[in-house]
Amino acid sequence: MKKIFSITTVLLLCIGVWSCKKDDSEFLNVQPTAFLTTDQVFSDPSLALSVLADLYNRQADFSSLDNGWASFADFSESFPSENGSTYIVQRTGWPFDTWGLNWYDSYTYIREINLFLARDSASTAFGENLKKRFYAEGRFLRAAFYFEMVKRYGGVPLVTSTLDYDYKGDVSSLQLPRAKESDIYDFVISECEAIKNDFVDETSGILLPTSVKSRATKGAALAMEARAALYAGSIAKYGALRTPAVSLPGGEVGIDASKATGYYTIALRAAEEIISGQAGAYSLYNIGGNLSDNFAALFLDKTSPETIYMEDFKVGGRTHAFTTNDQPYSLSEEGGDAGRLDPSLNLAEQYEKLDNTYAPFATTDASGKRIVYDNQLDIFDGRDARLAGTILLPGGTFKGGTVDISAGTYLPDGTTNSTGVGKDGPVNGLEFRTQTGFYIRKYLDPTVGAGKRGTGSAVAFIRYRYAEVLLNAAEAAFELGQPDKAAMYMNQVRARAGLTIPLTPAQITFDRIVHERRVELAFEGHYFYDMKRWRLAHIVWNGTPTTLSDLKSNIGSATQHSTQPWGLWPYRYNGTSQWVYIETKPSLVTGSNRFQFGNYYTAIGSDVIGANPKIVRQPNQ
Amino acid sequence: MEVLFKYLFIVALITTIFSCKKDNYDPPSATLSGHLLYQGDTIHVERNAVHFQIYQYGFGRVGQISPDETFAQDGSYSALLFPGDYKITIPSGDGPFIWKQTASGTPDSLSVTVSGNQTADFEVTPYYMIRNAQIAAAGSNNITATCSLEKIINDANAKDVEYVALYVNNTQFVSGINNVVSASIAGADISDDNNVQLSVTVPSLVPAQNYVFARIGLKMVNVEDLIFSPLVKITF
């Protein structure tokens with residue numbers, strides 16, 4: 001008995017020991033199936049790519065197709081034809097915290113990029129080229145995000161490595177002060193410069209071709225560098241000129257005027273690197289045919305040689321509702337879902353005549369009598385092709401159908417009535433139809449199904465394109481006193497729009513540059529930041545209502561004020577097929593834009609400052 | 001079962017009554033008010049344009065207790081607060097005046113202990129003062145105004161006059177934005193600072209009214225906010 005007992009004990013012991021070992025390796029240490037470990041992710045290129053894809057997906061844009069139509073709607077460049085959004089034209093200014101990013105999400109994003117960079121460089125499983133490309137892409141996204149931050153806030157804390165809390169109760173080592181505004185711009189510029197040659201093919205190690213547009217490339221890095229340097233240069237120059245009060249003694253806001261030339265030089269150099277083909281062969285989109293159609297197609301054609309960097313979408317994957325929200329009401333694929341973003345007359349009349357002069361649309365003759373047009377589109381004849389390429393005009397066509405825009409009937413005695421109002425309006429307060437007489441054409445997707453909520457549109461949002469690079473080069477050259485070069489670059493963009501009479505170097509003025517960017521880059525998220533960096537915002541949006549004479553005078557002047565969106569309403573003439581036009585301010589427009597000094601830099605929340613007292617407040621607010 | 005419900009009902013009732021009492025605080029009742037002053041003269045500003053901030057100390061954090069407040073157009077302000085220690089300040093670069101600064105160039109603050117009703121005035125130094133403003137009706141629909149400009153700050157911070165304007169509105173809120181008619185004279189065209197003259201013709205108002213409000217505003221170069229003369233009601 002005793003023997004059996006001791007044998008059993010030994011056996012049990014053996015089992016116990018061995019089973020322990022067995023459990024340790026196979027039972028207790030089970031690989032989780034719900035998530036992947038860092039080591040797993042950074043040993044497999046496709047897993048690491050999906051981490052990177054998430055970082056790409058979280059880039060910030062001011063106006064963007066997936067930010068909603070309303071992100072294009074403000075600043076009197078358009079009228080919001082949706083009754084829930086009329087506050088945009090009824091407010092008399094913006095709170096100081098408008099246009100901010102979520103501070104916590106922003107630094108979470110930056111931390112995750114920093115983690116990605118650290119893990120990518122620690123990885124031993126990737127080839128040298130792949131590692132290099134991933135690393136450059138991470139740095140590109142980080143620089144791009146700091147660029148978005150500095151545009152909104154000025155200098156922000158510059159975090160370039162992961163910060164970790166030691167749980168000892170003292171957070172002061174994690175509380176970083178704001179960097180100077182110029183430091184952030186310098187960071188963006190130096191990062192772009194450092195990584196520009198690292199965007200290489202994984203296998204061959206040569207630079208990525210220009211057909212890569214939705215991931216960062218050398219072209220994208222240089223375009224960002226040029227834009228950032230241009231912004232910094234103009235803040236330095238025009239901040240000192242127009243708004244010296246918008247600055248902080250520590251330089252967190254405002255850039256010293258002496259730095260302007262240096263930044264403009266960098267902007268011109270970076271832009272010319274792209275223009276000279278060092279990042280690949282980019283060129284203006286020109287497929288021939290109608291110039292307006294060509295301009296509209298530029299935003300629809302994903303293989304356009306003009307596109308440098310874009311946010312792509314795909315039917316069946318990720319689509320957006322821009323076309324659903326903004327398609328013409330009468331041609332809507334989704335019943336009443338349409339027509340929200342109506343470009344204003346303020347913008348439309350900026351498109352100049354083919355002889356390079358500015359003029360309001362001729363609605364009355366010299367004696368004040370209404371001009372009668374045989375065809376609805378006649379009033380827009382002889383204009384910059386970008387007018388009809390950007391804006392769907394009354395009588396214009398989309399997907400083969402003609403939009404039915406008519407405000408009623410105009411009688412010879414000067415009165416109007418509502419006989420013959422079009423399916424597309426304009427009628428005051430009637431949402432989802434145009435209320436200005438115009439619809440948006442840029443980005444509007446003619447693909448069948450693009451206007452349906454369930455399908456959506458896959459049109460890409462172009463973040464950087466070659467025409468902007470040319471305009472950046474033109475502006476930088478102009479500011480550096482090289483008007484010949486400025487004229488040469490600007491004329492290329494203008495020629496594509498049908499303005500074939502070149503501007504002479506003497507005709508290139510600051511106002512010309514402001515104007516050209518406004519018409520070429522309308523609804524691409526530039527106008528607001530351009531007005532800010534030129535310190536024109538408080539002049540253009542000065543809070544005084546826009547009268548008809550304000551609207552029709554000083555067209556093309558950089559300081560023409562534009563505080564309320566106007567419309568241009570077509571009327572059928574006295575029961576005939578002829579048309580007259582009347583400038584009309586939509587009756588819902590009751591507010592007027594007023595941009596205060598305190599709006600130049602978005603307020604940093606009191607909660608953020610309360611948690612980190614080293615962050616200084618913005619000026620003038 | 002019925003008994004259980006009865007007890008539950010009583011317990012719920014008691015909980016409700018007591019939790020009500022516990023959750024509610026008295027609303028703030030102490031008033032802090034004051035004016036923008038320069039040597040005893042009130043500084044008149046635009047409504048909703050010049051900000052001040054109230055900070056409270058002591059709860060483990062330093063922070064503003066509410067979003068920015070603004071001065072009324074007669075330069076007054078008021079706030080309802082809980083009794084306690086507060087600091088009030090004007091943000092940098094705001095207002096047609098210089099607010100005192102700390103040595104490091106940030107805005108200084110006033111410490112106020114609020115208990116009961118408290119008055120605290122902001123003593124500021126305006127760039128200019130509008131003196132002897134005379135605004136009167138002339139004829140059936142004209143308004144003429146005269147004033148003199150006193151330049152207060154003459155050192156390196158001095159500002160030039162951008163324009164002087166006479167604003168007229170049909171309500172008591174009168175400024176560059178809220179007006180029915182205005183007239184202005186550019187700073188360069190002012191020959192005599194002691195005799196600035198302006199006049200406007202008041203358009204017919206809808207609905208008709210036989211009175212308007214008017215005041216003179218002075219804009220300085222590179223200063224956002226205007227300084228105004230006191231508001232005048234003019235009856236035709």
# chains A, B, ... in the order shown; residues from 1 in each chain; ligands from 1
call {"tool": "residues_around", "arguments": {"residues": "Asp44 (chain A)", "least_positions_apart": "3", "cutoff": "12 Å", "atoms": "only C-alpha atoms", "output": "JSON list (two decimals) with C-alpha atoms, in the first residue's frame"}}
result
[["chain", "number", "residue", "atom", "x", "y", "z"],
["A", 36, "LEU", "CA", -2.33, 42.36, -33.04],
["A", 37, "THR", "CA", 0.77, 43.08, -31.06],
["A", 38, "THR", "CA", 3.24, 45.73, -32.06],
["A", 39, "ASP", "CA", 5.80, 43.09, -33.01],
["A", 40, "GLN", "CA", 3.33, 41.32, -35.26],
["A", 41, "VAL", "CA", 2.28, 44.50, -37.01],
["A", 47, "LEU", "CA", -0.15, 45.19, -41.53],
["A", 48, "ALA", "CA", 2.10, 48.19, -41.09],
["A", 49, "LEU", "CA", 0.54, 49.68, -44.21],
["A", 50, "SER", "CA", -2.91, 49.43, -42.66],
["A", 51, "VAL", "CA", -1.63, 51.35, -39.63],
["A", 120, "ASP", "CA", 9.04, 51.60, -38.10],
["A", 123, "SER", "CA", 11.55, 47.13, -37.17],
["A", 124, "THR", "CA", 13.97, 44.54, -38.49],
["A", 125, "ALA", "CA", 11.54, 42.83, -40.84],
["A", 126, "PHE", "CA", 11.24, 45.53, -43.49],
["A", 127, "GLY", "CA", 13.54, 46.07, -46.38],
["A", 130, "LEU", "CA", 10.17, 50.07, -47.54],
["A", 131, "LYS", "CA", 11.32, 51.29, -44.18]]
call {"tool": "residues_around", "arguments": {"residues": "Leu411 (chain A)", "least_positions_apart": "3", "cutoff": "7 Å", "atoms": "only C-alpha atoms", "output": "PyMOL selection string"}}
result
chain A and resi 414-416+573-574
call {"tool": "write_last_selection", "arguments": {"atoms": "all heavy atoms", "output": "compact mmCIF listing (two decimals), in the first residue's frame"}}
result
# COMPACT_ATOMS: atom_id res chain seq x y z
N GLY A 414 -41.26 97.00 -65.39
CA GLY A 414 -40.28 96.91 -64.32
C GLY A 414 -40.73 96.07 -63.14
O GLY A 414 -39.98 95.89 -62.19
N THR A 415 -41.94 95.53 -63.18
CA THR A 415 -42.38 94.68 -62.08
C THR A 415 -42.08 93.22 -62.41
O THR A 415 -41.84 92.87 -63.56
CB THR A 415 -43.89 94.83 -61.82
OG1 THR A 415 -44.57 94.46 -63.02
CG2 THR A 415 -44.24 96.24 -61.43
N THR A 416 -42.11 92.40 -61.38
CA THR A 416 -41.88 90.97 -61.59
C THR A 416 -43.03 90.21 -60.98
O THR A 416 -43.68 90.69 -60.04
CB THR A 416 -40.58 90.51 -60.92
OG1 THR A 416 -40.67 90.78 -59.52
CG2 THR A 416 -39.37 91.21 -61.49
N TYR A 573 -38.56 87.14 -69.80
CA TYR A 573 -38.97 88.49 -70.16
C TYR A 573 -40.35 88.48 -70.78
O TYR A 573 -40.54 88.02 -71.92
CB TYR A 573 -37.95 89.12 -71.11
CG TYR A 573 -38.31 90.54 -71.51
CD1 TYR A 573 -38.26 91.56 -70.57
CD2 TYR A 573 -38.71 90.84 -72.80
CE1 TYR A 573 -38.61 92.84 -70.91
CE2 TYR A 573 -39.06 92.13 -73.15
CZ TYR A 573 -39.01 93.13 -72.20
OH TYR A 573 -39.36 94.40 -72.53
N ASN A 574 -41.34 88.93 -70.06
CA ASN A 574 -42.66 89.25 -70.59
C ASN A 574 -43.26 88.12 -71.43
O ASN A 574 -43.77 88.34 -72.51
CB ASN A 574 -42.55 90.54 -71.44
CG ASN A 574 -43.93 91.13 -71.68
OD1 ASN A 574 -44.86 90.85 -70.93
ND2 ASN A 574 -44.04 91.94 -72.71
call {"tool": "select_by_dssp", "arguments": {"residues": "region 164-347 of chain A", "states": "alpha helix (DSSP H)", "output": "JSON, numbers by chain"}}
result
{"A": [181, 182, 183, 184, 185, 186, 187, 188, 189, 190, 191, 192, 193, 194, 195, 218, 219, 220, 221, 222, 223, 224, 225, 226, 227, 228, 229, 230, 231, 232, 233, 234, 235, 236, 237, 238, 239, 240, 241, 242, 260, 261, 262, 263, 264, 265, 266, 267, 268, 269, 270, 271, 272, 273, 274, 275, 291, 292, 293, 294, 295, 296, 297, 322, 323, 324, 325, 326, 345, 346, 347]}
call {"tool": "residues_around", "arguments": {"residues": "Phe478 (chain A)", "least_positions_apart": "6", "cutoff": "12 Å", "atoms": "only C-alpha atoms", "output": "PyMOL selection string"}}
result
chain A and resi 230+234+261+264-265+267-268+471-472+484-490+505-514
call {"tool": "write_last_selection", "arguments": {"atoms": "N, CA, C and O atoms", "output": "mmCIF file, in the first residue's frame"}}
result
data_model
loop_
_atom_site.group_PDB
_atom_site.id
_atom_site.type_symbol
_atom_site.label_atom_id
_atom_site.label_comp_id
_atom_site.auth_asym_id
_atom_site.auth_seq_id
_atom_site.Cartn_x
_atom_site.Cartn_y
_atom_site.Cartn_z
ATOM 1 N N LEU A 230 5.312 79.954 -48.328
ATOM 2 C CA LEU A 230 4.567 81.115 -48.818
ATOM 3 C C LEU A 230 3.682 81.691 -47.712
ATOM 4 O O LEU A 230 3.612 82.907 -47.532
ATOM 5 N N SER A 234 4.126 85.439 -46.171
ATOM 6 C CA SER A 234 3.102 86.477 -46.228
ATOM 7 C C SER A 234 2.660 86.893 -44.828
ATOM 8 O O SER A 234 2.334 88.055 -44.610
ATOM 9 N N THR A 261 11.562 87.653 -46.743
ATOM 10 C CA THR A 261 12.310 87.346 -47.963
ATOM 11 C C THR A 261 12.828 85.914 -47.949
ATOM 12 O O THR A 261 12.784 85.205 -48.957
ATOM 13 N N TYR A 264 9.955 83.579 -48.765
ATOM 14 C CA TYR A 264 9.546 83.640 -50.176
ATOM 15 C C TYR A 264 10.581 82.946 -51.056
ATOM 16 O O TYR A 264 10.232 82.306 -52.055
ATOM 17 N N THR A 265 11.846 83.065 -50.693
ATOM 18 C CA THR A 265 12.889 82.401 -51.477
ATOM 19 C C THR A 265 12.722 80.884 -51.433
ATOM 20 O O THR A 265 12.833 80.206 -52.460
ATOM 21 N N ALA A 267 9.935 79.298 -50.850
ATOM 22 C CA ALA A 267 8.711 78.949 -51.577
ATOM 23 C C ALA A 267 8.978 78.871 -53.072
ATOM 24 O O ALA A 267 8.552 77.935 -53.751
ATOM 25 N N LEU A 268 9.709 79.863 -53.571
ATOM 26 C CA LEU A 268 9.977 79.878 -55.007
ATOM 27 C C LEU A 268 10.860 78.692 -55.404
ATOM 28 O O LEU A 268 10.610 78.017 -56.400
ATOM 29 N N LEU A 471 0.881 79.101 -59.130
ATOM 30 C CA LEU A 471 0.467 80.359 -58.500
ATOM 31 C C LEU A 471 1.328 80.674 -57.284
ATOM 32 O O LEU A 471 1.616 81.838 -56.996
ATOM 33 N N ASN A 472 1.730 79.631 -56.554
ATOM 34 C CA ASN A 472 2.643 79.853 -55.431
ATOM 35 C C ASN A 472 3.962 80.423 -55.932
ATOM 36 O O ASN A 472 4.517 81.362 -55.342
ATOM 37 N N ASP A 484 8.744 89.358 -63.970
ATOM 38 C CA ASP A 484 8.778 88.595 -65.230
ATOM 39 C C ASP A 484 8.401 87.147 -64.983
ATOM 40 O O ASP A 484 7.585 86.548 -65.676
ATOM 41 N N LYS A 485 9.049 86.599 -63.963
ATOM 42 C CA LYS A 485 8.795 85.209 -63.617
ATOM 43 C C LYS A 485 7.356 85.036 -63.152
ATOM 44 O O LYS A 485 6.677 84.076 -63.526
ATOM 45 N N ALA A 486 6.904 85.976 -62.334
ATOM 46 C CA ALA A 486 5.541 85.895 -61.818
ATOM 47 C C ALA A 486 4.548 85.879 -62.976
ATOM 48 O O ALA A 486 3.614 85.074 -63.000
ATOM 49 N N ALA A 487 4.770 86.757 -63.952
ATOM 50 C CA ALA A 487 3.860 86.820 -65.100
ATOM 51 C C ALA A 487 3.918 85.520 -65.890
ATOM 52 O O ALA A 487 2.886 84.986 -66.304
ATOM 53 N N MET A 488 5.125 84.977 -66.060
ATOM 54 C CA MET A 488 5.264 83.754 -66.847
ATOM 55 C C MET A 488 4.465 82.609 -66.219
ATOM 56 O O MET A 488 3.727 81.897 -66.896
ATOM 57 N N TYR A 489 4.609 82.444 -64.889
ATOM 58 C CA TYR A 489 3.898 81.339 -64.230
ATOM 59 C C TYR A 489 2.399 81.583 -64.207
ATOM 60 O O TYR A 489 1.602 80.680 -64.452
ATOM 61 N N MET A 490 2.009 82.813 -63.921
ATOM 62 C CA MET A 490 0.582 83.071 -63.819
ATOM 63 C C MET A 490 -0.098 82.959 -65.181
ATOM 64 O O MET A 490 -1.216 82.445 -65.282
ATOM 65 N N PRO A 505 4.560 91.781 -67.202
ATOM 66 C CA PRO A 505 5.102 91.842 -65.839
ATOM 67 C C PRO A 505 4.611 93.064 -65.070
ATOM 68 O O PRO A 505 4.366 92.986 -63.867
ATOM 69 N N ALA A 506 4.429 94.187 -65.775
ATOM 70 C CA ALA A 506 3.982 95.391 -65.070
ATOM 71 C C ALA A 506 2.539 95.268 -64.597
ATOM 72 O O ALA A 506 2.111 95.993 -63.698
ATOM 73 N N GLN A 507 1.787 94.366 -65.211
ATOM 74 C CA GLN A 507 0.385 94.209 -64.809
ATOM 75 C C GLN A 507 0.222 93.292 -63.606
ATOM 76 O O GLN A 507 -0.872 93.148 -63.075
ATOM 77 N N ILE A 508 1.307 92.604 -63.233
ATOM 78 C CA ILE A 508 1.212 91.718 -62.069
ATOM 79 C C ILE A 508 1.299 92.570 -60.812
ATOM 80 O O ILE A 508 2.320 93.182 -60.515
ATOM 81 N N THR A 509 0.180 92.622 -60.095
ATOM 82 C CA THR A 509 0.142 93.380 -58.846
ATOM 83 C C THR A 509 -0.305 92.428 -57.741
ATOM 84 O O THR A 509 -0.719 91.294 -58.006
ATOM 85 N N PHE A 510 -0.220 92.928 -56.528
ATOM 86 C CA PHE A 510 -0.710 92.132 -55.411
ATOM 87 C C PHE A 510 -2.186 91.786 -55.612
ATOM 88 O O PHE A 510 -2.604 90.649 -55.393
ATOM 89 N N ASP A 511 -2.965 92.752 -56.080
ATOM 90 C CA ASP A 511 -4.394 92.504 -56.296
ATOM 91 C C ASP A 511 -4.632 91.402 -57.323
ATOM 92 O O ASP A 511 -5.551 90.599 -57.192
ATOM 93 N N ARG A 512 -3.783 91.383 -58.358
ATOM 94 C CA ARG A 512 -3.905 90.342 -59.389
ATOM 95 C C ARG A 512 -3.676 88.952 -58.790
ATOM 96 O O ARG A 512 -4.341 87.987 -59.148
ATOM 97 N N ILE A 513 -2.692 88.871 -57.921
ATOM 98 C CA ILE A 513 -2.372 87.573 -57.325
ATOM 99 C C ILE A 513 -3.507 87.114 -56.424
ATOM 100 O O ILE A 513 -3.950 85.964 -56.470
ATOM 101 N N VAL A 514 -4.027 88.045 -55.623
ATOM 102 C CA VAL A 514 -5.157 87.722 -54.751
ATOM 103 C C VAL A 514 -6.337 87.250 -55.597
ATOM 104 O O VAL A 514 -6.979 86.234 -55.304
#
call {"tool": "interface_residues", "arguments": {"of": "chain A", "to": "chain B", "cutoff": "12 Å", "atoms": "only C-alpha atoms", "output": "number ranges by chain"}}
result
A: 92-97, 239-251, 535, 538-539, 541-546, 563, 591-599, 603-621
call {"tool": "residues_around", "arguments": {"residues": "Thr31 (chain B)", "least_positions_apart": "4", "cutoff": "6 Å", "atoms": "only C-alpha atoms", "output": "list in words"}}
result
Ala79, Leu80 and Asn117 of chain B
call {"tool": "write_last_selection", "arguments": {"atoms": "N, CA, C and O atoms", "output": "PDB file, in the first residue's frame"}}
result
ATOM      1  N   ALA B  79     -21.262  91.252 -13.696  1.00  0.00           N
ATOM      2  CA  ALA B  79     -21.300  89.794 -13.705  1.00  0.00           C
ATOM      3  C   ALA B  79     -21.872  89.319 -12.382  1.00  0.00           C
ATOM      4  O   ALA B  79     -21.624  89.921 -11.341  1.00  0.00           O
ATOM      5  N   LEU B  80     -22.636  88.245 -12.440  1.00  0.00           N
ATOM      6  CA  LEU B  80     -23.168  87.622 -11.228  1.00  0.00           C
ATOM      7  C   LEU B  80     -22.235  86.494 -10.836  1.00  0.00           C
ATOM      8  O   LEU B  80     -21.973  85.595 -11.637  1.00  0.00           O
ATOM      9  N   ASN B 117     -22.165  92.965  -3.138  1.00  0.00           N
ATOM     10  CA  ASN B 117     -22.020  93.639  -4.421  1.00  0.00           C
ATOM     11  C   ASN B 117     -20.747  94.469  -4.443  1.00  0.00           C
ATOM     12  O   ASN B 117     -20.468  95.227  -3.532  1.00  0.00           O
TER      13      ASN B 117
END
call {"tool": "closest_residue", "arguments": {"among": "B:Gln101, B:Gln209, B:Thr119, B:Thr146", "to": "Ile185 (chain B)", "atoms": "only C-alpha atoms"}}
result
B:Thr146
call {"tool": "select_by_dssp", "arguments": {"residues": "region 79-313 of chain A", "states": "strand (DSSP E)", "output": "list in words"}}
result
Phe79, Pro80, Thr307, Ile308, Tyr309, Met310 and Glu311 of chain A
call {"tool": "write_last_selection", "arguments": {"atoms": "all heavy atoms", "output": "PDB file, in the first residue's frame"}}
result
ATOM      1  N   PHE A  79     -24.046  80.625 -50.914  1.00  0.00           N
ATOM      2  CA  PHE A  79     -25.211  80.725 -50.035  1.00  0.00           C
ATOM      3  C   PHE A  79     -25.625  79.311 -49.648  1.00  0.00           C
ATOM      4  O   PHE A  79     -25.709  78.448 -50.509  1.00  0.00           O
ATOM      5  CB  PHE A  79     -26.366  81.431 -50.768  1.00  0.00           C
ATOM      6  CG  PHE A  79     -27.635  81.476 -49.965  1.00  0.00           C
ATOM      7  CD1 PHE A  79     -27.872  82.532 -49.105  1.00  0.00           C
ATOM      8  CD2 PHE A  79     -28.562  80.457 -50.049  1.00  0.00           C
ATOM      9  CE1 PHE A  79     -29.031  82.564 -48.345  1.00  0.00           C
ATOM     10  CE2 PHE A  79     -29.718  80.488 -49.289  1.00  0.00           C
ATOM     11  CZ  PHE A  79     -29.945  81.543 -48.439  1.00  0.00           C
ATOM     12  N   PRO A  80     -25.883  79.050 -48.361  1.00  0.00           N
ATOM     13  CA  PRO A  80     -26.284  77.704 -47.947  1.00  0.00           C
ATOM     14  C   PRO A  80     -27.783  77.503 -48.106  1.00  0.00           C
ATOM     15  O   PRO A  80     -28.557  78.045 -47.331  1.00  0.00           O
ATOM     16  CB  PRO A  80     -25.870  77.657 -46.478  1.00  0.00           C
ATOM     17  CG  PRO A  80     -25.950  79.078 -46.029  1.00  0.00           C
ATOM     18  CD  PRO A  80     -25.731  79.959 -47.217  1.00  0.00           C
ATOM     19  N   THR A 307      -2.871  66.675 -60.794  1.00  0.00           N
ATOM     20  CA  THR A 307      -3.046  66.310 -59.396  1.00  0.00           C
ATOM     21  C   THR A 307      -1.731  65.820 -58.805  1.00  0.00           C
ATOM     22  O   THR A 307      -1.099  64.907 -59.339  1.00  0.00           O
ATOM     23  CB  THR A 307      -4.107  65.198 -59.268  1.00  0.00           C
ATOM     24  OG1 THR A 307      -5.276  65.628 -59.928  1.00  0.00           O
ATOM     25  CG2 THR A 307      -4.387  64.891 -57.823  1.00  0.00           C
ATOM     26  N   ILE A 308      -1.317  66.429 -57.711  1.00  0.00           N
ATOM     27  CA  ILE A 308      -0.083  66.014 -57.055  1.00  0.00           C
ATOM     28  C   ILE A 308      -0.394  65.130 -55.856  1.00  0.00           C
ATOM     29  O   ILE A 308       0.232  64.097 -55.651  1.00  0.00           O
ATOM     30  CB  ILE A 308       0.740  67.250 -56.628  1.00  0.00           C
ATOM     31  CG1 ILE A 308       1.161  68.032 -57.880  1.00  0.00           C
ATOM     32  CG2 ILE A 308       1.952  66.837 -55.810  1.00  0.00           C
ATOM     33  CD1 ILE A 308       1.838  69.345 -57.582  1.00  0.00           C
ATOM     34  N   TYR A 309      -1.389  65.530 -55.099  1.00  0.00           N
ATOM     35  CA  TYR A 309      -1.711  64.778 -53.886  1.00  0.00           C
ATOM     36  C   TYR A 309      -3.188  64.939 -53.614  1.00  0.00           C
ATOM     37  O   TYR A 309      -3.702  66.059 -53.627  1.00  0.00           O
ATOM     38  CB  TYR A 309      -0.884  65.325 -52.716  1.00  0.00           C
ATOM     39  CG  TYR A 309      -1.072  64.594 -51.415  1.00  0.00           C
ATOM     40  CD1 TYR A 309      -0.853  63.224 -51.335  1.00  0.00           C
ATOM     41  CD2 TYR A 309      -1.451  65.267 -50.256  1.00  0.00           C
ATOM     42  CE1 TYR A 309      -1.017  62.554 -50.140  1.00  0.00           C
ATOM     43  CE2 TYR A 309      -1.614  64.601 -49.052  1.00  0.00           C
ATOM     44  CZ  TYR A 309      -1.401  63.256 -48.998  1.00  0.00           C
ATOM     45  OH  TYR A 309      -1.570  62.594 -47.809  1.00  0.00           O
ATOM     46  N   MET A 310      -3.876  63.834 -53.388  1.00  0.00           N
ATOM     47  CA  MET A 310      -5.327  63.933 -53.225  1.00  0.00           C
ATOM     48  C   MET A 310      -5.820  62.964 -52.165  1.00  0.00           C
ATOM     49  O   MET A 310      -5.128  62.031 -51.770  1.00  0.00           O
ATOM     50  CB  MET A 310      -6.031  63.638 -54.545  1.00  0.00           C
ATOM     51  CG  MET A 310      -5.850  62.203 -55.030  1.00  0.00           C
ATOM     52  SD  MET A 310      -6.585  61.961 -56.654  1.00  0.00           S
ATOM     53  CE  MET A 310      -6.390  60.207 -56.868  1.00  0.00           C
ATOM     54  N   GLU A 311      -7.031  63.240 -51.707  1.00  0.00           N
ATOM     55  CA  GLU A 311      -7.723  62.308 -50.818  1.00  0.00           C
ATOM     56  C   GLU A 311      -8.678  61.520 -51.699  1.00  0.00           C
ATOM     57  O   GLU A 311      -9.620  62.067 -52.251  1.00  0.00           O
ATOM     58  CB  GLU A 311      -8.503  63.094 -49.749  1.00  0.00           C
ATOM     59  CG  GLU A 311      -9.250  62.209 -48.790  1.00  0.00           C
ATOM     60  CD  GLU A 311     -10.079  63.005 -47.797  1.00  0.00           C
ATOM     61  OE1 GLU A 311     -10.447  64.149 -48.089  1.00  0.00           O
ATOM     62  OE2 GLU A 311     -10.358  62.453 -46.725  1.00  0.00           O
TER      63      GLU A 311
END
call {"tool": "atom_distance", "arguments": {"atom1": "CA of Pro28 (chain B)", "atom2": "CA of Thr42 (chain B)"}}
result
27.5 Å
call {"tool": "closest_residue", "arguments": {"among": "B:Tyr211, B:Tyr7, B:Tyr38, B:Trp99", "to": "Asn169 (chain B)", "atoms": "only C-alpha atoms"}}
result
B:Tyr211
call {"tool": "closest_residue", "arguments": {"among": "B:Thr16, B:Asn210, B:Gln73, B:Gln56", "to": "Ile227 (chain B)", "atoms": "only C-alpha atoms"}}
result
B:Gln73
call {"tool": "closest_atom_pairs", "arguments": {"of": "region 53-153 of chain A", "to": "region 323-342 of chain A", "cutoff": "12 Å", "atoms": "only C-alpha atoms", "output": "CSV"}}
result
residue,atom,partner,partner_atom,distance
A:Leu65,CA,A:Thr323,CA,9.3
A:Asp66,CA,A:Thr323,CA,11.2
A:Gly68,CA,A:Asn325,CA,8.6
A:Trp69,CA,A:Leu341,CA,6.8
A:Ala70,CA,A:Leu341,CA,7.6
A:Ser71,CA,A:Leu341,CA,10.0
A:Phe72,CA,A:Leu341,CA,7.8
A:Ala73,CA,A:Leu341,CA,6.4
A:Asp74,CA,A:Leu341,CA,9.8
A:Ser76,CA,A:Asp342,CA,10.1
A:Glu77,CA,A:Asp342,CA,8.5
A:Ser78,CA,A:Asp342,CA,5.1
A:Phe79,CA,A:Asp342,CA,5.0
A:Pro80,CA,A:Leu341,CA,5.4
A:Ser81,CA,A:Arg340,CA,4.4
A:Glu82,CA,A:Arg340,CA,5.7
A:Asn83,CA,A:Arg340,CA,9.4
A:Gly84,CA,A:Arg340,CA,10.6
A:Ser85,CA,A:Arg340,CA,9.2
A:Thr86,CA,A:Arg340,CA,10.5
A:Ile88,CA,A:Leu341,CA,11.8
call {"tool": "atom_distance", "arguments": {"atom1": "CA of Glu128 (chain A)", "atom2": "CA of Gln31 (chain A)"}}
result
29.0 Å
call {"tool": "residues_around", "arguments": {"residues": "Tyr128 (chain B)", "least_positions_apart": "6", "cutoff": "8 Å", "atoms": "only C-alpha atoms", "output": "list in words"}}
result
Leu149, Glu150, Lys151, Ile152, Ile153 and Ile227 of chain B
call {"tool": "write_last_selection", "arguments": {"atoms": "C-alpha atoms", "output": "mmCIF file, in the first residue's frame"}}
result
data_model
loop_
_atom_site.group_PDB
_atom_site.id
_atom_site.type_symbol
_atom_site.label_atom_id
_atom_site.label_comp_id
_atom_site.auth_asym_id
_atom_site.auth_seq_id
_atom_site.Cartn_x
_atom_site.Cartn_y
_atom_site.Cartn_z
ATOM 1 C CA LEU B 149 -9.491 115.000 -30.186
ATOM 2 C CA GLU B 150 -7.078 114.806 -27.314
ATOM 3 C CA LYS B 151 -4.039 112.645 -27.948
ATOM 4 C CA ILE B 152 -3.283 110.926 -24.668
ATOM 5 C CA ILE B 153 -0.430 108.594 -25.607
ATOM 6 C CA ILE B 227 -13.396 104.812 -29.053
#
